[in-house]
$ cat run30.txt   # compact mmCIF, C-alpha atoms
# COMPACT_ATOMS: atom_id res chain seq x y z
CA MET H 1 5.63 34.25 33.61
CA ASN H 2 4.13 32.22 30.77
CA TYR H 3 6.29 32.94 27.71
CA PHE H 4 4.43 30.58 25.39
CA LYS H 5 0.72 30.26 24.77
CA PHE H 6 -0.45 26.67 25.07
CA ASP H 7 -3.95 25.29 24.98
CA GLU H 8 -5.16 24.72 28.56
CA LYS H 9 -5.96 21.08 27.81
CA LEU H 10 -2.47 20.59 26.42
CA GLU H 11 -0.96 21.93 29.63
CA LYS H 12 -3.01 19.42 31.63
CA TYR H 13 -1.87 16.61 29.34
CA SER H 14 1.72 17.80 29.81
CA THR H 15 1.43 17.46 33.58
CA GLU H 16 -0.10 14.02 33.14
CA ALA H 17 2.74 12.99 30.81
CA GLU H 18 5.42 14.04 33.31
CA SER H 19 3.69 12.05 36.02
CA LYS H 20 3.50 9.04 33.72
CA ALA H 21 7.22 9.37 32.95
CA LYS H 22 8.39 9.66 36.58
CA THR H 23 9.61 6.07 36.96
CA SER H 24 11.46 6.20 33.64
CA PHE H 25 13.06 9.52 34.62
CA GLU H 26 14.38 7.94 37.81
CA ARG H 27 15.84 5.03 35.83
CA ILE H 28 17.51 7.45 33.40
CA ASP H 29 19.02 9.43 36.29
CA GLY H 30 20.58 6.24 37.62
CA ILE H 31 22.14 5.40 34.24
CA THR H 32 23.37 8.99 33.83
CA GLU H 33 25.05 8.98 37.24
CA TYR H 34 26.80 5.69 36.50
CA ASN H 35 28.06 6.85 33.10
CA GLN H 36 29.12 10.28 34.34
CA THR H 37 31.16 8.66 37.10
CA LYS H 38 32.71 6.27 34.56
CA VAL H 39 33.74 9.11 32.26
CA LEU H 40 35.20 11.13 35.14
CA ASN H 41 37.23 8.09 36.19
CA CYS H 42 38.59 7.71 32.64
CA PHE H 43 39.73 11.36 32.60
CA ILE H 44 41.46 10.95 35.96
CA LYS H 45 43.01 7.59 35.01
CA ASN H 46 44.61 9.15 31.92
CA ARG H 47 45.84 12.22 33.82
CA VAL H 48 44.15 14.72 31.53
CA SER H 49 45.70 18.15 32.05
CA GLU H 50 45.75 21.64 30.56
CA MET H 51 48.45 20.67 28.09
CA HIS H 52 46.11 18.13 26.49
CA LEU H 53 43.65 20.87 25.58
CA GLY H 54 46.11 22.66 23.30
CA THR H 55 46.50 22.66 19.54
CA SER H 56 48.71 21.41 16.75
CA THR H 57 49.10 22.37 13.11
CA GLY H 58 50.59 20.96 9.94
CA TYR H 59 51.09 17.21 10.15
CA GLY H 60 50.14 17.15 13.82
CA TYR H 61 53.09 14.97 14.82
CA GLY H 62 53.28 14.31 18.54
CA ASP H 63 49.89 15.83 19.40
CA VAL H 64 49.68 14.48 22.95
CA GLY H 65 46.20 15.90 23.47
CA ARG H 66 44.83 14.11 20.42
CA ASP H 67 46.50 10.83 21.36
CA THR H 68 45.39 10.97 25.00
CA LEU H 69 41.82 11.70 23.95
CA ASP H 70 41.91 8.50 21.91
CA GLN H 71 42.78 6.51 25.04
CA VAL H 72 40.24 8.31 27.25
CA PHE H 73 37.54 7.54 24.69
CA ALA H 74 38.63 3.91 24.40
CA ASP H 75 38.40 3.52 28.16
CA CYS H 76 34.91 5.09 28.20
CA MET H 77 33.79 2.57 25.58
CA GLY H 78 35.45 -0.39 27.31
CA ALA H 79 37.61 -0.87 24.21
CA GLU H 80 41.29 -1.55 23.58
CA ASP H 81 41.77 1.47 21.35
CA ALA H 82 40.02 4.36 19.62
CA ILE H 83 40.54 7.17 17.16
CA VAL H 84 38.59 10.39 17.75
CA ARG H 85 38.91 13.08 15.08
CA HIS H 86 37.25 16.35 14.13
CA SER H 87 38.11 15.50 10.52
CA PHE H 88 35.36 12.88 10.27
CA ALA H 89 32.65 14.82 8.42
CA SER H 90 29.66 12.81 9.69
CA GLY H 91 28.57 9.51 11.17
CA THR H 92 28.25 8.06 7.68
CA HIS H 93 31.79 9.17 6.81
CA THR H 94 33.12 7.58 10.01
CA LEU H 95 31.31 4.31 9.33
CA THR H 96 32.64 4.37 5.77
CA VAL H 97 36.23 4.71 6.96
CA ALA H 98 35.74 1.72 9.25
CA LEU H 99 34.13 -0.41 6.54
CA PHE H 100 36.77 0.38 3.93
CA GLY H 101 39.48 0.01 6.55
CA ILE H 102 38.58 -3.56 7.44
CA LEU H 103 36.98 -5.05 4.31
CA ARG H 104 38.97 -6.19 1.27
CA PRO H 105 38.03 -7.23 -2.30
CA SER H 106 36.02 -10.48 -2.39
CA ASP H 107 35.09 -10.15 1.30
CA LYS H 108 31.46 -10.63 2.24
CA VAL H 109 29.52 -8.56 4.75
CA LEU H 110 26.27 -9.66 6.36
CA VAL H 111 23.94 -7.02 7.82
CA LEU H 112 22.08 -8.60 10.72
CA THR H 113 19.48 -5.86 11.18
CA GLY H 114 17.65 -5.64 7.86
CA ARG H 115 17.82 -2.76 5.44
CA PRO H 116 20.31 -0.20 6.80
CA TYR H 117 19.93 3.54 7.18
CA ASP H 118 19.39 5.47 3.95
CA THR H 119 22.79 7.18 3.74
CA ILE H 120 24.81 3.98 4.22
CA ILE H 121 23.16 2.21 1.27
CA GLY H 122 25.39 4.10 -1.13
CA VAL H 123 28.45 2.96 0.82
CA PHE H 124 27.55 -0.71 0.55
CA GLY H 125 26.50 -0.23 -3.07
CA PHE H 126 23.10 -1.72 -3.73
CA GLU H 127 19.77 -0.48 -5.11
CA GLY H 128 21.66 1.21 -7.94
CA HIS H 129 24.16 3.01 -5.71
CA THR H 130 27.54 1.81 -6.93
CA ASP H 131 29.82 4.76 -7.72
CA GLY H 132 32.85 4.35 -5.46
CA SER H 133 31.00 1.95 -3.18
CA LEU H 134 32.21 -1.23 -1.49
CA ALA H 135 30.53 -3.12 -4.33
CA ASP H 136 32.82 -1.34 -6.77
CA PHE H 137 35.74 -2.82 -4.84
CA GLY H 138 34.34 -6.33 -4.98
CA VAL H 139 32.82 -6.52 -1.49
CA GLU H 140 29.62 -8.57 -1.45
CA TYR H 141 26.61 -7.28 0.48
CA HIS H 142 24.05 -9.60 2.09
CA GLN H 143 21.41 -8.97 4.73
CA VAL H 144 19.09 -10.91 7.01
CA ASP H 145 15.64 -9.35 7.15
CA LEU H 146 14.05 -8.61 10.48
CA LEU H 147 11.20 -10.62 11.94
CA PRO H 148 7.66 -9.19 11.67
CA ASP H 149 8.03 -7.61 15.12
CA GLY H 150 11.13 -5.72 13.96
CA THR H 151 13.67 -7.78 15.92
CA PRO H 152 16.67 -9.65 14.48
CA ASP H 153 16.01 -13.17 13.17
CA ILE H 154 18.53 -15.15 15.21
CA ASN H 155 17.77 -18.47 13.53
CA ALA H 156 18.18 -17.01 10.04
CA ILE H 157 21.39 -15.26 11.08
CA ARG H 158 22.77 -18.50 12.45
CA ALA H 159 21.87 -20.36 9.27
CA GLU H 160 23.39 -17.71 6.99
CA LEU H 161 26.63 -17.53 8.95
CA SER H 162 27.02 -21.31 8.99
CA TRP H 163 27.82 -21.48 5.28
CA GLY H 164 28.46 -17.92 4.14
CA ASN H 165 32.14 -17.39 5.09
CA TYR H 166 31.49 -13.77 6.05
CA LYS H 167 34.34 -11.39 6.87
CA MET H 168 32.02 -9.01 8.72
CA ALA H 169 28.70 -9.03 10.54
CA TYR H 170 27.25 -5.51 10.63
CA ILE H 171 24.75 -4.34 13.24
CA GLN H 172 22.83 -1.08 13.15
CA ARG H 173 21.92 -0.21 16.74
CA SER H 174 19.50 2.60 16.01
CA ARG H 175 16.21 2.30 14.17
CA GLY H 176 17.06 4.90 11.51
CA TYR H 177 14.03 5.86 9.42
CA SER H 178 12.21 2.68 10.35
CA LEU H 179 9.74 1.71 13.04
CA ARG H 180 11.63 -1.33 14.25
CA PRO H 181 12.92 -1.22 17.85
CA SER H 182 16.41 0.05 18.45
CA LEU H 183 18.75 -2.58 19.85
CA THR H 184 19.43 -2.73 23.56
CA ILE H 185 22.84 -3.85 24.79
CA ASP H 186 21.35 -7.16 25.85
CA LYS H 187 20.16 -7.81 22.29
CA ILE H 188 23.52 -6.75 20.84
CA GLU H 189 25.22 -9.14 23.25
CA GLU H 190 22.95 -11.96 22.04
CA LEU H 191 23.81 -11.16 18.42
CA CYS H 192 27.54 -11.07 19.17
CA LYS H 193 27.41 -14.44 20.93
CA THR H 194 25.49 -15.93 18.02
CA VAL H 195 28.04 -14.69 15.48
CA LYS H 196 31.07 -15.90 17.43
CA GLU H 197 29.53 -19.29 18.14
CA VAL H 198 28.89 -19.96 14.45
CA SER H 199 31.70 -17.98 12.81
CA PRO H 200 34.45 -17.07 15.32
CA ASN H 201 36.63 -15.21 12.81
CA THR H 202 33.87 -12.90 11.56
CA VAL H 203 34.44 -9.27 12.57
CA ILE H 204 31.45 -7.75 14.35
CA MET H 205 30.92 -4.07 13.60
CA VAL H 206 28.25 -1.94 15.27
CA ASP H 207 26.92 1.37 14.01
CA ASN H 208 26.65 2.94 17.47
CA CYS H 209 25.11 6.25 16.39
CA TYR H 210 22.49 7.57 18.84
CA GLY H 211 23.30 4.81 21.34
CA GLU H 212 26.31 6.02 23.33
CA PHE H 213 25.69 6.33 27.09
CA VAL H 214 22.04 5.30 26.78
CA GLU H 215 22.85 2.24 28.90
CA THR H 216 25.66 1.43 31.30
CA ARG H 217 27.51 -0.78 28.79
CA GLU H 218 28.65 -0.21 25.21
CA PRO H 219 28.75 -2.77 22.36
CA THR H 220 32.53 -3.17 22.70
CA GLU H 221 31.93 -4.48 26.23
CA VAL H 222 29.64 -7.29 25.06
CA GLY H 223 31.47 -8.75 22.09
CA ALA H 224 31.59 -6.17 19.29
CA ASP H 225 35.00 -5.94 17.61
CA ILE H 226 34.59 -2.40 16.28
CA ILE H 227 32.08 0.44 16.75
CA ALA H 228 31.77 3.84 15.15
CA GLY H 229 29.67 6.94 15.62
CA SER H 230 29.30 10.69 15.30
CA LEU H 231 30.42 13.41 17.71
CA ILE H 232 27.44 15.62 16.87
CA LYS H 233 25.21 12.98 18.39
CA ASN H 234 25.49 11.59 21.92
CA ALA H 235 29.25 11.26 22.22
CA GLY H 236 30.00 14.94 21.61
CA GLY H 237 27.72 16.23 24.35
CA GLY H 238 26.45 19.12 22.24
CA ILE H 239 29.88 20.76 22.49
CA ALA H 240 31.92 19.01 19.80
CA PRO H 241 31.42 21.06 16.61
CA THR H 242 31.99 18.12 14.26
CA GLY H 243 33.76 14.78 14.11
CA GLY H 244 33.42 11.09 14.77
CA TYR H 245 35.05 8.15 16.52
CA ILE H 246 36.01 4.54 15.91
CA ALA H 247 36.68 2.24 18.88
CA GLY H 248 37.34 -1.45 19.40
CA LYS H 249 40.08 -4.03 19.15
CA ARG H 250 43.45 -2.45 18.47
CA GLU H 251 44.19 -4.39 15.28
CA TYR H 252 40.96 -3.19 13.66
CA VAL H 253 41.33 0.38 14.88
CA GLU H 254 44.79 0.45 13.28
CA MET H 255 43.35 -0.82 10.01
CA CYS H 256 40.77 1.98 10.11
CA ALA H 257 43.48 4.54 10.86
CA GLY H 258 45.29 3.49 7.70
CA ARG H 259 42.17 4.26 5.68
CA MET H 260 41.50 7.49 7.62
CA THR H 261 44.76 9.03 6.37
CA ALA H 262 47.05 6.73 4.36
CA PRO H 263 48.49 3.23 4.68
CA GLY H 264 51.75 3.36 6.60
CA VAL H 265 50.88 6.74 8.08
CA GLY H 266 47.67 6.08 9.98
CA ARG H 267 46.96 7.97 13.18
CA GLU H 268 50.39 9.61 13.47
CA VAL H 269 49.28 12.58 11.36
CA GLY H 270 46.29 14.86 11.63
CA ALA H 271 46.52 18.24 13.33
CA SER H 272 43.93 18.97 16.02
CA LEU H 273 43.72 22.65 14.95
CA GLY H 274 42.45 23.77 18.35
CA HIS H 275 39.57 21.29 18.61
CA ASN H 276 40.98 19.24 21.48
CA ARG H 277 39.31 21.33 24.18
CA GLU H 278 35.86 21.02 22.57
CA LEU H 279 36.20 17.28 22.06
CA TYR H 280 37.31 16.67 25.64
CA MET H 281 34.55 18.88 27.02
CA GLY H 282 31.99 17.22 24.76
CA LEU H 283 32.94 13.74 25.92
CA PHE H 284 32.81 14.82 29.55
CA ALA H 285 29.33 16.33 29.09
CA ALA H 286 28.03 13.42 27.00
CA PRO H 287 26.48 11.24 29.74
CA HIS H 288 24.48 14.12 31.23
CA VAL H 289 23.32 15.50 27.89
CA THR H 290 22.34 12.02 26.72
CA GLY H 291 20.26 11.67 29.87
CA GLU H 292 18.48 14.95 29.11
CA ALA H 293 17.76 13.76 25.57
CA LEU H 294 16.35 10.50 26.93
CA LYS H 295 14.05 12.38 29.31
CA THR H 296 12.82 14.48 26.40
CA ALA H 297 12.08 11.34 24.38
CA VAL H 298 10.23 9.72 27.28
CA PHE H 299 8.15 12.85 27.87
CA ALA H 300 7.26 13.07 24.18
CA SER H 301 6.32 9.41 24.16
CA ALA H 302 4.03 9.85 27.15
CA LEU H 303 2.38 13.01 25.81
CA LEU H 304 1.77 11.78 22.28
CA GLU H 305 0.45 8.46 23.53
CA ILE H 306 -2.02 10.29 25.79
CA LEU H 307 -3.13 12.21 22.71
CA GLY H 308 -3.87 8.94 20.90
CA TYR H 309 -0.82 8.48 18.69
CA LYS H 310 1.18 5.30 18.29
CA VAL H 311 4.67 5.82 19.66
CA SER H 312 7.85 3.76 19.75
CA PRO H 313 9.34 3.24 22.26
CA THR H 314 6.54 3.57 24.79
CA VAL H 315 7.21 5.22 28.14
CA GLU H 316 7.95 1.95 29.91
CA GLU H 317 10.10 0.29 27.23
CA LYS H 318 13.83 -0.11 27.70
CA ARG H 319 15.66 2.14 25.25
CA GLY H 320 18.67 1.42 23.06
CA ASP H 321 19.03 4.92 21.61
CA ILE H 322 17.74 8.48 22.04
CA ILE H 323 15.31 8.38 19.12
CA GLN H 324 11.56 8.65 19.61
CA SER H 325 9.22 7.86 16.74
CA VAL H 326 5.62 9.03 16.53
CA ILE H 327 3.22 7.91 13.82
CA LEU H 328 1.31 11.06 12.88
CA ASN H 329 -0.79 9.45 10.10
CA THR H 330 -1.01 12.41 7.69
CA PRO H 331 1.51 14.60 5.87
CA GLU H 332 -0.24 17.68 7.29
CA ALA H 333 0.28 16.53 10.87
CA LEU H 334 3.91 15.58 10.18
CA ILE H 335 4.73 18.95 8.61
CA ALA H 336 2.96 20.85 11.40
CA PHE H 337 4.79 18.84 14.07
CA CYS H 338 8.19 19.62 12.56
CA ARG H 339 7.38 23.29 12.09
CA GLY H 340 6.25 23.55 15.71
CA MET H 341 9.45 21.87 16.88
CA GLN H 342 11.49 24.35 14.86
CA SER H 343 9.66 27.26 16.48
CA GLY H 344 10.99 26.14 19.87
CA ALA H 345 14.64 26.05 18.82
CA PRO H 346 17.14 28.52 20.32
CA VAL H 347 18.63 29.04 16.85
CA ASP H 348 16.58 29.71 13.69
CA SER H 349 13.25 29.49 15.50
CA PHE H 350 11.73 31.72 12.81
CA VAL H 351 12.62 29.33 9.97
CA ARG H 352 9.74 27.44 8.36
CA PRO H 353 10.78 23.86 7.47
CA GLU H 354 9.67 22.63 4.06
CA PRO H 355 9.86 19.11 2.61
CA SER H 356 12.68 18.90 0.07
CA ASP H 357 15.01 16.54 -1.76
CA MET H 358 18.17 15.60 0.12
CA PRO H 359 21.29 13.69 -0.97
CA GLY H 360 21.16 10.06 0.12
CA TYR H 361 17.37 9.91 0.50
CA ASP H 362 14.81 8.60 -1.99
CA ASP H 363 11.87 10.56 -0.53
CA GLN H 364 11.54 14.24 0.23
CA VAL H 365 12.60 14.94 3.81
CA ILE H 366 11.42 17.56 6.28
CA MET H 367 13.77 18.54 9.06
CA ALA H 368 13.34 20.69 12.15
CA ALA H 369 16.79 21.43 13.49
CA GLY H 370 17.45 24.81 15.02
CA ALA H 371 20.82 23.99 16.53
CA PHE H 372 24.04 25.66 17.65
CA THR H 373 25.86 23.02 15.57
CA LEU H 374 24.42 22.45 12.11
CA GLY H 375 22.83 19.01 11.90
CA SER H 376 23.53 18.15 15.53
CA SER H 377 21.20 15.29 16.48
CA ILE H 378 21.90 15.59 20.21
CA GLU H 379 20.18 18.97 20.08
CA LEU H 380 16.40 18.85 19.84
CA SER H 381 15.35 17.98 16.32
CA ALA H 382 12.67 16.16 14.38
CA ASP H 383 12.84 14.87 10.86
CA ALA H 384 11.17 12.41 8.54
CA PRO H 385 10.83 11.34 4.94
CA LEU H 386 7.40 12.19 3.54
CA ARG H 387 6.08 8.68 3.15
CA ALA H 388 3.38 6.65 4.85
CA PRO H 389 2.71 6.21 7.74
CA TYR H 390 4.07 9.76 8.13
CA ALA H 391 6.08 9.10 11.24
CA ALA H 392 8.29 11.71 12.84
CA TRP H 393 11.63 10.74 14.34
CA MET H 394 12.68 13.14 17.05
CA GLN H 395 15.81 13.12 19.12
CA GLY H 396 17.95 15.25 21.34
CA GLY H 397 17.55 18.04 23.81
CA LEU H 398 20.58 19.63 25.47
CA ASN H 399 18.43 20.17 28.54
CA PHE H 400 15.05 18.68 29.30
CA HIS H 401 13.22 21.86 30.27
CA SER H 402 13.79 23.73 27.00
CA ALA H 403 13.28 20.54 25.00
CA LYS H 404 9.97 19.93 26.76
CA THR H 405 8.82 23.33 25.52
CA GLY H 406 9.86 22.35 22.00
CA VAL H 407 7.73 19.19 22.19
CA LEU H 408 4.74 21.18 23.44
CA LEU H 409 5.16 23.70 20.62
CA ALA H 410 5.21 20.83 18.11
CA VAL H 411 1.87 19.57 19.45
CA GLN H 412 0.43 23.08 19.65
CA SER H 413 1.35 23.59 15.99
CA MET H 414 -0.72 20.54 15.05
CA ILE H 415 -3.65 21.93 17.06
CA ASN H 416 -3.35 25.37 15.47
CA GLY H 417 -3.21 23.86 11.98
CA GLY H 418 -6.25 21.69 12.50
CA ALA H 419 -4.31 18.41 12.30
CA LEU H 420 -5.11 17.59 15.95
CA LYS H 421 -8.22 18.25 18.03
CA ILE H 422 -8.14 17.89 21.82
$ encode --input "run30.txt" --output "structure tokens"
Amino acid sequence: MNYFKFDEKLEKYSTEAESKAKTSFERIDGITEYNQTKVLNCFIKNRVSEMHLGTSTGYGYGDVGRDTLDQVFADCMGAEDAIVRHSFASGTHTLTVALFGILRPSDKVLVLTGRPYDTIIGVFGFEGHTDGSLADFGVEYHQVDLLPDGTPDINAIRAELSWGNYKMAYIQRSRGYSLRPSLTIDKIEELCKTVKEVSPNTVIMVDNCYGEFVETREPTEVGADIIAGSLIKNAGGGIAPTGGYIAGKREYVEMCAGRMTAPGVGREVGASLGHNRELYMGLFAAPHVTGEALKTAVFASALLEILGYKVSPTVEEKRGDIIQSVILNTPEALIAFCRGMQSGAPVDSFVRPEPSDMPGYDDQVIMAAGAFTLGSSIELSADAPLRAPYAAWMQGGLNFHSAKTGVLLAVQSMINGGALKI
């Protein structure tokens, strides 16, 4: 039974897009199988049992489930240590804890990947954002702009590090609201080698949001000292209701733990409040769900490219995160795309997204996000600031088949609104 009414031509293009994506789908299945096996091995290695899924209250002293989850997560990331907590409010909050945990007054941080994501600007404290920022605490911010093709400028990075005496080199893996390529693990490895060759004592931190389980290795396996990310993106598998993680070398994780709660207390406190089961289940589901999100992105890339739009990444490109960008050229097309995507959500499908002001963003933003967990980027969503070239950034999809319908509804919405003719 056909539950949704799609233009006949669109249905033909959909079939063509799936055929075009077949090789990429097979590659994604191989990565998913590898990562799922890895995660299963980490659970078995750490002897996860029913008692670890329980709860604690108050100070949370001796929460064996919480502490074991930290080690399971560390093993999954190929790291010495990790802290995984539901109390991290967002990816930005988690990154902030790591930055403030490691950096000290008069330290200098060098961002290797150009202008960072909108919400982290206020944390570093530039472009007028200073209230409570790192800049307020005397931490100097510097960045190396990307090359014209959107890739890191290795020569400029090498030159800057050679004289700058930088405490930290910061890498943003995902593209954020930009059209530059996301970073593959191979590229992150190249950046890490460059940093350590020129400045061995510089701490390498990677914003790993949207990148977990996209490839068979993580940044901590190729030279990164510390990584951080959100549990309502890849690493929570669509099950974790909130939270974030920090993973890496033990000395730096401990420094972050002191900022997470209080110096001298660190990770020893923090009740799990019944969230252990969801966080364990989310981590276990993460490789498969990430694979479904990647298939959705590849399908969208193939379909929109067939329809004449510029997409990044293309179907054949190697991916470093789950995000798919599509340049839609007009505000009308962008708004229609997001509204169509919303109409295919299992939650709040009837809601009509409108561009609006949002904290941390300089432009109005439109967001399609009908999700079981509010703001969950591993569930199918599309969002964008309303600024030229009116690109949409979509991500997620708990399962490919429902997400595929969401993508088709987004395109059908553009057709119905007159923003696209086929």
$ residues_near_point --input "run30.txt" --point "(51.0, 18.1, 25.9)" --cutoff "12 Å" --atoms "all atoms listed in the file" --output "JSON, numbers by chain"
{"H": [47, 48, 49, 50, 51, 52, 53, 54, 55, 56, 61, 62, 63, 64, 65, 66, 67, 68, 69, 276]}
$ closest_residue --input "run30.txt" --among "H:Val269, H:Ala17, H:Ile102, H:Val144" --to "Arg115 of chain H" --atoms "all atoms listed in the file"
H:Val144
$ atom_distance --input "run30.txt" --atom1 "atom CA of Val289 of chain H" --atom2 "atom CA of His86 of chain H"
19.6 Å
$ atom_distance --input "run30.txt" --atom1 "atom CA of Glu26 of chain H" --atom2 "atom CA of Ile327 of chain H"
26.5 Å
$ closest_residue --input "run30.txt" --among "H:Asp75, H:Glu218, H:Glu332, H:Asp383" --to "Gly417 of chain H" --atoms "only C-alpha atoms"
H:Glu332
